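**Student:** Below is the file upload19.cif, which contains mmCIF, C-alpha atoms.
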```cif
data_structure
loop_
_atom_site.label_atom_id
_atom_site.label_comp_id
_atom_site.auth_asym_id
_atom_site.auth_seq_id
_atom_site.Cartn_x
_atom_site.Cartn_y
_atom_site.Cartn_z
CA MET U 1 176.86 28.75 64.44
CA GLN U 2 174.05 26.29 63.88
CA ALA U 3 171.94 27.64 66.75
CA LEU U 4 172.30 31.19 65.45
CA LEU U 5 171.26 30.15 61.93
CA GLU U 6 168.25 28.21 63.24
CA TRP U 7 167.10 31.14 65.39
CA HIS U 8 167.41 33.63 62.53
CA PHE U 9 165.72 31.48 59.87
CA SER U 10 162.99 29.98 62.07
CA THR U 11 159.48 30.54 60.73
CA LYS U 12 158.09 30.10 64.25
CA PRO U 13 157.86 33.18 66.50
CA GLN U 14 160.97 33.58 68.69
CA THR U 15 160.51 35.12 72.11
CA ASP U 16 162.89 34.00 74.81
CA ASN U 17 166.24 32.84 73.45
CA ALA U 18 168.76 33.65 76.19
CA GLU U 19 171.61 33.99 73.66
CA VAL U 20 169.97 37.10 72.21
CA SER U 21 171.07 40.48 73.57
CA GLY U 22 167.79 42.31 73.91
CA THR U 23 169.35 45.73 74.43
CA ARG U 24 172.42 47.55 73.19
CA ASP U 25 174.00 47.53 76.67
CA VAL U 26 173.74 43.75 76.94
CA PHE U 27 175.16 43.31 73.45
CA GLU U 28 178.13 45.55 74.20
CA ALA U 29 178.93 43.76 77.45
CA ARG U 30 178.85 40.39 75.66
CA SER U 31 180.75 41.51 72.58
CA GLN U 32 183.60 42.98 74.63
CA LYS U 33 184.43 39.46 75.80
CA VAL U 34 185.55 38.62 72.27
CA PHE U 35 188.53 40.97 72.60
CA SER U 36 190.20 39.11 75.50
CA ALA U 37 189.17 35.75 74.02
CA LEU U 38 190.98 36.61 70.77
CA LEU U 39 194.17 37.54 72.65
CA LYS U 40 193.93 34.34 74.68
CA HIS U 41 193.73 32.32 71.44
CA GLY U 42 196.86 33.87 69.97
CA PHE U 43 195.47 36.71 67.85
CA THR U 44 197.41 39.99 67.77
CA GLU U 45 196.11 43.04 69.59
CA SER U 46 195.67 44.70 66.19
CA ASP U 47 193.44 41.86 64.94
CA ALA U 48 191.47 41.78 68.21
CA SER U 49 190.88 45.52 67.91
CA LEU U 50 189.61 45.25 64.32
CA VAL U 51 187.43 42.20 64.99
CA TYR U 52 185.81 43.94 67.93
CA SER U 53 185.20 47.09 65.92
CA ILE U 54 183.44 45.28 63.06
CA ILE U 55 181.37 43.20 65.50
CA GLY U 56 180.43 46.40 67.28
CA GLU U 57 179.37 48.11 64.05
CA LEU U 58 177.30 45.15 62.87
CA GLY U 59 175.61 44.57 66.23
CA ASN U 60 174.86 48.21 66.87
CA ASN U 61 173.39 48.45 63.38
CA SER U 62 170.72 45.98 64.51
CA PHE U 63 169.64 48.37 67.24
CA ASP U 64 170.09 51.55 65.16
CA HIS U 65 167.74 50.35 62.42
CA ASN U 66 165.27 47.98 64.06
CA LEU U 67 164.02 49.63 67.25
CA GLY U 68 160.25 49.55 66.87
CA PHE U 69 160.44 47.12 63.94
CA TRP U 70 161.37 43.74 65.45
CA ARG U 71 159.38 40.86 63.95
CA ASP U 72 159.28 39.10 67.33
CA GLN U 73 162.21 38.72 69.75
CA PRO U 74 164.04 42.07 69.92
CA GLY U 75 167.81 42.19 69.84
CA CYS U 76 170.94 40.76 68.33
CA TYR U 77 172.16 37.17 68.51
CA PHE U 78 175.98 37.13 68.69
CA SER U 79 178.19 34.08 68.92
CA PHE U 80 181.75 33.07 68.13
CA GLU U 81 183.67 29.79 67.83
CA PHE U 82 187.42 29.26 67.85
CA ASP U 83 189.27 26.48 66.06
CA ALA U 84 192.95 25.78 65.44
CA SER U 85 193.37 28.29 62.61
CA GLY U 86 191.00 31.09 63.51
CA VAL U 87 187.60 32.23 64.64
CA THR U 88 184.10 32.27 63.13
CA LEU U 89 181.73 34.95 64.37
CA GLY U 90 178.03 35.39 63.69
CA LEU U 91 175.48 38.13 64.25
CA ALA U 92 171.80 37.95 63.44
CA ASP U 93 168.58 39.82 64.12
CA ARG U 94 164.90 39.35 63.39
CA GLY U 95 164.28 42.92 62.39
CA ARG U 96 162.91 44.55 59.24
CA GLY U 97 165.96 43.96 57.05
CA ILE U 98 168.16 46.32 55.08
CA PHE U 99 165.72 46.84 52.20
CA ASN U 100 162.90 48.13 54.42
CA SER U 101 165.29 50.35 56.36
CA LEU U 102 166.89 51.93 53.28
CA LYS U 103 163.64 52.17 51.29
CA ARG U 104 162.63 55.21 53.34
CA VAL U 105 165.62 57.22 52.17
CA LEU U 106 166.01 55.54 48.76
CA PRO U 107 162.44 55.11 47.48
CA GLU U 108 163.72 53.98 44.09
CA LEU U 109 165.25 50.88 45.69
CA GLN U 110 164.06 47.74 43.89
CA SER U 111 165.40 44.65 45.62
CA ASP U 112 167.07 43.10 48.66
CA GLN U 113 170.19 42.56 46.55
CA GLU U 114 170.43 46.20 45.56
CA ALA U 115 169.84 47.21 49.19
CA ILE U 116 172.58 45.04 50.70
CA GLU U 117 175.11 46.15 48.07
CA ILE U 118 174.35 49.80 48.71
CA ALA U 119 174.48 49.31 52.48
CA PHE U 120 177.94 47.76 52.41
CA GLN U 121 179.40 49.81 49.58
CA ARG U 122 177.83 53.27 49.47
CA VAL U 123 177.70 55.92 52.20
CA ILE U 124 174.03 56.47 52.92
CA SER U 125 171.97 56.50 56.07
CA GLY U 126 168.79 54.55 56.63
CA ARG U 127 167.73 57.08 59.22
CA ALA U 128 167.33 60.30 57.26
CA PRO U 129 167.87 63.16 57.76
CA GLU U 130 170.84 62.10 59.91
CA GLN U 131 174.12 62.20 58.00
CA ARG U 132 175.58 58.80 58.71
CA GLY U 133 175.86 55.30 57.35
CA ASN U 134 179.55 54.40 57.20
CA GLY U 135 179.45 51.45 59.58
CA LEU U 136 178.80 48.62 57.10
CA LYS U 137 181.13 50.17 54.54
CA PHE U 138 183.81 50.15 57.24
CA VAL U 139 183.12 46.45 57.90
CA ARG U 140 183.52 45.60 54.22
CA ALA U 141 186.72 47.65 53.92
CA ILE U 142 188.34 45.77 56.81
CA ILE U 143 187.57 42.37 55.24
CA ASN U 144 187.51 42.88 51.49
CA GLY U 145 190.63 41.81 49.63
CA ASN U 146 192.19 40.08 52.63
CA PRO U 147 192.84 36.36 52.01
CA LYS U 148 192.60 35.48 55.72
CA ARG U 149 189.27 37.18 56.34
CA GLY U 150 185.77 36.62 55.01
CA LEU U 151 182.24 37.96 55.34
CA VAL U 152 178.93 36.68 54.08
CA ALA U 153 175.83 38.73 54.90
CA ARG U 154 172.22 38.06 53.97
CA SER U 155 169.16 40.24 54.30
CA GLY U 156 165.99 38.90 52.68
CA THR U 157 167.13 37.49 49.34
CA GLY U 158 170.09 39.86 49.21
CA LEU U 159 173.54 38.35 49.61
CA LEU U 160 176.93 40.01 49.99
CA ALA U 161 180.25 38.19 50.19
CA CYS U 162 183.77 39.58 50.43
CA GLY U 163 187.23 38.59 51.59
CA GLY U 164 189.23 35.49 50.78
CA HIS U 165 187.34 33.28 53.21
CA ALA U 166 183.81 34.06 52.00
CA SER U 167 183.81 30.75 50.15
CA TRP U 168 184.84 28.95 53.37
CA ILE U 169 181.76 30.39 55.09
CA ALA U 170 179.59 29.36 52.15
CA THR U 171 180.87 25.79 52.40
CA THR U 172 180.51 25.43 56.16
CA SER U 173 177.21 27.28 56.60
CA ASN U 174 175.19 26.22 53.58
CA SER U 175 171.85 27.09 55.22
CA LEU U 176 172.84 30.76 54.99
CA PHE U 177 172.04 30.44 51.29
CA SER U 178 169.49 27.65 51.15
CA GLU U 179 166.95 28.73 53.80
CA PRO U 180 163.78 30.51 52.59
CA THR U 181 163.68 34.26 52.93
CA VAL U 182 162.86 35.70 56.34
CA GLY U 183 162.98 39.24 57.71
CA GLY U 184 166.09 40.60 59.37
CA THR U 185 169.78 40.43 58.69
CA ILE U 186 172.49 37.86 59.37
CA ALA U 187 176.26 38.06 58.95
CA LEU U 188 178.97 35.43 59.36
CA ILE U 189 182.63 36.39 59.59
CA ARG U 190 185.72 34.23 59.29
CA TRP U 191 189.05 35.57 60.57
CA GLU U 192 192.22 33.48 60.57
CA LYS U 193 195.42 34.08 62.49
CA PRO U 194 198.34 35.70 60.64
CA MET W 1 194.09 70.71 74.64
CA LYS W 2 194.53 66.96 74.95
CA ILE W 3 191.60 64.75 75.93
CA GLN W 4 192.35 61.24 77.17
CA MET W 5 189.70 59.14 75.45
CA VAL W 6 190.32 56.12 77.68
CA LYS W 7 188.49 58.05 80.39
CA PHE W 8 185.33 57.35 78.36
CA GLY W 9 186.09 53.62 78.30
CA GLU W 10 188.50 51.07 76.83
CA PHE W 11 185.90 50.07 74.21
CA LEU W 12 184.31 53.01 72.43
CA MET W 13 181.43 51.79 70.32
CA SER W 14 177.94 52.84 69.20
CA ARG W 15 176.42 56.13 68.15
CA PRO W 16 174.52 56.80 71.40
CA ALA W 17 177.74 56.35 73.43
CA GLY W 18 179.64 58.64 71.04
CA HIS W 19 176.89 61.25 71.25
CA GLU W 20 177.02 61.14 75.05
CA ALA W 21 180.82 61.44 75.05
CA ALA W 22 180.61 64.47 72.75
CA GLN W 23 178.17 66.21 75.09
CA ILE W 24 180.48 65.62 78.06
CA ILE W 25 183.49 66.91 76.14
CA VAL W 26 181.68 70.04 74.99
CA GLU W 27 180.47 70.80 78.52
CA ASN W 28 183.70 70.05 80.36
CA PHE W 29 186.69 70.48 78.05
CA ARG W 30 186.42 73.98 76.66
CA PRO W 31 189.38 75.11 74.50
CA ALA W 32 191.02 78.38 75.62
CA SER W 33 190.74 79.92 72.14
CA HIS W 34 189.72 79.05 68.57
CA ASP W 35 193.39 78.54 67.74
CA GLU W 36 193.89 75.76 70.26
CA VAL W 37 194.05 72.31 68.68
CA ILE W 38 191.74 69.70 70.23
CA GLU W 39 193.69 66.47 70.50
CA LEU W 40 191.77 63.22 71.00
CA ASP W 41 194.31 60.84 72.54
CA PHE W 42 193.48 57.13 72.23
CA LEU W 43 196.31 55.88 74.45
CA ASN W 44 195.22 52.70 76.31
CA VAL W 45 191.94 52.44 74.39
CA LYS W 46 191.46 48.86 73.16
CA ALA W 47 189.03 49.36 70.29
CA ILE W 48 186.71 51.93 68.76
CA GLY W 49 184.22 52.04 65.91
CA PRO W 50 183.81 54.72 63.24
CA SER W 51 180.21 55.38 64.32
CA TRP W 52 181.38 56.35 67.82
CA LEU W 53 184.15 58.59 66.46
CA HIS W 54 181.79 60.21 63.96
CA GLU W 55 179.41 61.22 66.74
CA VAL W 56 182.25 62.70 68.82
CA VAL W 57 183.63 64.74 65.92
CA LYS W 58 180.13 65.85 64.91
CA GLY W 59 179.40 66.97 68.49
CA LEU W 60 182.65 68.93 68.74
CA ARG W 61 182.16 70.49 65.32
CA GLY W 62 178.75 71.71 66.39
CA SER W 63 180.32 73.76 69.20
CA TYR W 64 183.90 74.61 68.25
CA PRO W 65 185.65 75.60 65.00
CA ASN W 66 189.00 74.39 66.39
CA GLN W 67 191.22 71.99 64.50
CA ILE W 68 190.71 68.40 65.71
CA GLN W 69 193.62 65.96 65.73
CA VAL W 70 193.47 62.28 66.56
CA LEU W 71 196.43 60.65 68.30
CA ASP W 72 195.83 57.06 67.20
CA GLN W 73 198.68 55.58 69.29
CA GLY W 74 199.05 52.81 66.74
CA ASN W 75 195.62 51.35 67.49
CA ALA W 76 194.40 49.56 64.33
CA SER W 77 190.71 50.27 64.92
CA VAL W 78 191.41 53.99 65.41
CA ILE W 79 193.57 54.14 62.25
CA GLU W 80 190.90 52.36 60.17
CA SER W 81 188.00 54.35 61.67
CA LEU W 82 189.74 57.61 60.73
CA LYS W 83 189.44 56.62 57.06
CA PHE W 84 185.66 56.96 57.44
CA VAL W 85 185.44 60.10 59.56
CA ASP W 86 186.01 63.62 58.30
CA LEU W 87 187.76 65.65 61.02
CA ARG W 88 187.19 68.98 59.26
#
```
Would you mind giving the structure from this file in structure tokens?

**Tutor:**
Amino acid sequence: MQALLEWHFSTKPQTDNAEVSGTRDVFEARSQKVFSALLKHGFTESDASLVYSIIGELGNNSFDHNLGFWRDQPGCYFSFEFDASGVTLGLADRGRGIFNSLKRVLPELQSDQEAIEIAFQRVISGRAPEQRGNGLKFVRAIINGNPKRGLVARSGTGLLACGGHASWIATTSNSLFSEPTVGGTIALIRWEKP
Amino acid sequence: MKIQMVKFGEFLMSRPAGHEAAQIIVENFRPASHDEVIELDFLNVKAIGPSWLHEVVKGLRGSYPNQIQVLDQGNASVIESLKFVDLR
């Protein structure tokens, strides 16, 4: 995950990182590999299906909300690492961030923290007048309250954590909290085997 | 009328892909009457996302008043996505 964190938080312009999926099609082709990898590592088909669906929602959100607004390198950085007890997955972009996306439809929005909480907990679309915006709420619902799953997301200074393993992510990826604010959004997910 | 969703792919993700699937369904799978139930059958689909399903339902709703039913086939991602999509 270190490479993903460094790419996302770098203050230097990023242009040609090969790990970044520059288009939605490339991201989807890469993210589908996680499904068979999860089965190969002993996860159930049900878990593989849910992990893929939340990865898909998070990654596609990067493209839905940032086309035309990338700070430098366009696209979504996606990576995953297996260990004996589970898998850690990360997604990051260098886009405009949740606050700037939601501000258009919620002009009263005050902070990154308010924006990330609304994005993951309230049905609202950042692309008005389209009626949509359930993707991140879906992601939170799959993870929240489950002791074997965890999510930590950051956009600007806004932080959102849920699931029993959010603290595990905080411990292992301290730079997620300590790095200075940059544009874009990053999410780390921890999912352990049953 | 039953539509086999696996024919659109084993992984059904993203709004643009859902929008495209809806257009194909509307153009090619016309129900015989307004009383006919449209069944979306997810047999052999590996995973979907709620954004994809939302676009499909929205596309069908824009053309047909028919009742829409989802045959989840026990797929966890379909079951969870349905909690975020209004089929009415």

**Student:** Using only C-alpha atoms, determine which residues lie at most 8 Å from Ser81 (chain W), disregarding the query and same-chain residues fewer than 4 positions distant; provide the list as a VMD selection string.

**Tutor:** (chain U and resid 138) or (chain W and resid 48 to 50 53 77 85)

**Student:** Can I get the selected residues back with C-alpha atoms, as a CSV table (one decimal), keeping the file's coordinate frame?

**Tutor:**
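Result saved to part-v9.csv:
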```csv
chain,number,residue,atom,x,y,z
U,138,PHE,CA,183.8,50.2,57.2
W,48,ILE,CA,186.7,51.9,68.8
W,49,GLY,CA,184.2,52.0,65.9
W,50,PRO,CA,183.8,54.7,63.2
W,53,LEU,CA,184.2,58.6,66.5
W,77,SER,CA,190.7,50.3,64.9
W,85,VAL,CA,185.4,60.1,59.6
```

**Student:** Please identify every residue of chain W that has at least one atom no more than 10 Å from any atom of chain U, counting only C-alpha atoms, and report them as a VMD selection string.

**Tutor:** chain W and resid 10 to 16 45 to 52 54 to 55 58 74 to 81 83 to 85

**Student:** Give me the residues near Ala115 (chain U) as a list in words, where near means some atom within 10 Å (using only C-alpha atoms) and where sequence neighbours in that chain fewer than 4 positions away do not count.

**Tutor:**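 With the cut-off at 10 Å, the set is Gly97, Ile98, Phe99, Asn100, Ser101, Leu102, Lys103, Leu106, Leu109, Gln110, Ser111, Ala119, Phe120, Gln121, Ser155, Gly156, Gly158 and Leu159 of chain U.
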
**Student:** Here is a test: counting all atoms listed in the file, which residue of W:Asn66, W:Gly18, W:Val6, W:Gln73 is nearest to Ile38 (chain W)?

**Tutor:**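 Closest to Ile38 (chain W), using all atoms listed in the file: W:Asn66.
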
**Student:** Do you know which residues the PyMOL selection byres ((chain W and resi 4) around 10) returns on this file, as a PyMOL selection string?

**Tutor:** chain W and resi 1-3+5-9+39-45+71

**Student:** Pull C-alpha atoms from the residues just selected and write them as a CSV table (one decimal), keeping the file's coordinate frame.

**Tutor:**
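part.csv was written with the following content:
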```csv
chain,number,residue,atom,x,y,z
W,1,MET,CA,194.1,70.7,74.6
W,2,LYS,CA,194.5,67.0,75.0
W,3,ILE,CA,191.6,64.8,75.9
W,5,MET,CA,189.7,59.1,75.4
W,6,VAL,CA,190.3,56.1,77.7
W,7,LYS,CA,188.5,58.0,80.4
W,8,PHE,CA,185.3,57.4,78.4
W,9,GLY,CA,186.1,53.6,78.3
W,39,GLU,CA,193.7,66.5,70.5
W,40,LEU,CA,191.8,63.2,71.0
W,41,ASP,CA,194.3,60.8,72.5
W,42,PHE,CA,193.5,57.1,72.2
W,43,LEU,CA,196.3,55.9,74.4
W,44,ASN,CA,195.2,52.7,76.3
W,45,VAL,CA,191.9,52.4,74.4
W,71,LEU,CA,196.4,60.6,68.3
```

**Student:** Can you tell me which residues surround His165 (chain U) at a distance of at most 7 Å, considering all atoms listed in the file, apart from same-chain residues fewer than 4 positions away, and format the answer as a list in words?

**Tutor:**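 In the requested format, the answer is Pro147, Lys148, Arg149, Gly150, Ile169 and Arg190 of chain U.
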
**Student:** Tell me, as a list in words, which residues lie within 7 Å of Pro65 (chain W), counting all atoms listed in the file; anything in the same chain fewer than 2 positions away does not count.

**Tutor:**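 Once the nearby chain positions are removed, what remains is His34, Arg61 and Gln67 of chain W.
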
**Student:** Find the residues with any atom within 12 Å of (181.2, 69.5, 76.1); use only C-alpha atoms and the coordinates as given in the file, and write the answer as a ChimeraX atom specification.

**Tutor:** /W:3,19-31,56-64

**Student:** Run the PyMOL selection byres ((chain U and resi 184-187) around 10) against the file shown and list the residues it catches, as an MDAnalysis selection string.

**Tutor:** chainID U and resid 4:5 8:9 55 58:59 61:62 66 69:71 76:78 89:100 116 151:156 158:161 176 181:183 188:189

**Student:** What is the distance, in Å and to one decimal place, between CA of Met1 (chain U) and CA of Gly145 (chain U)?

**Tutor:** 24.1 Å

**Student:** In Å, rounded to a single decimal, give me how far CA of Leu67 (chain U) is from CA of Trp7 (chain U).

**Tutor:** 18.8 Å

**Student:** Around all the atoms of region 39-53 of chain W listed in the file, draw an axis-aligned box and extend it by 4 Å on each of the six sides; I want its centre and edge lengths in Å to one decimal, as JSON.

**Tutor:**
```
{"center_x": 188.3, "center_y": 57.7, "center_z": 69.8, "size_x": 24.1, "size_y": 25.6, "size_z": 21.1}
```

**Student:** One decimal, Å: what's the distance from CA of Cys162 (chain U) over to CA of Ala84 (chain U), could you say?

**Tutor:**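 Computing it gives 22.4 Å between the two atoms.
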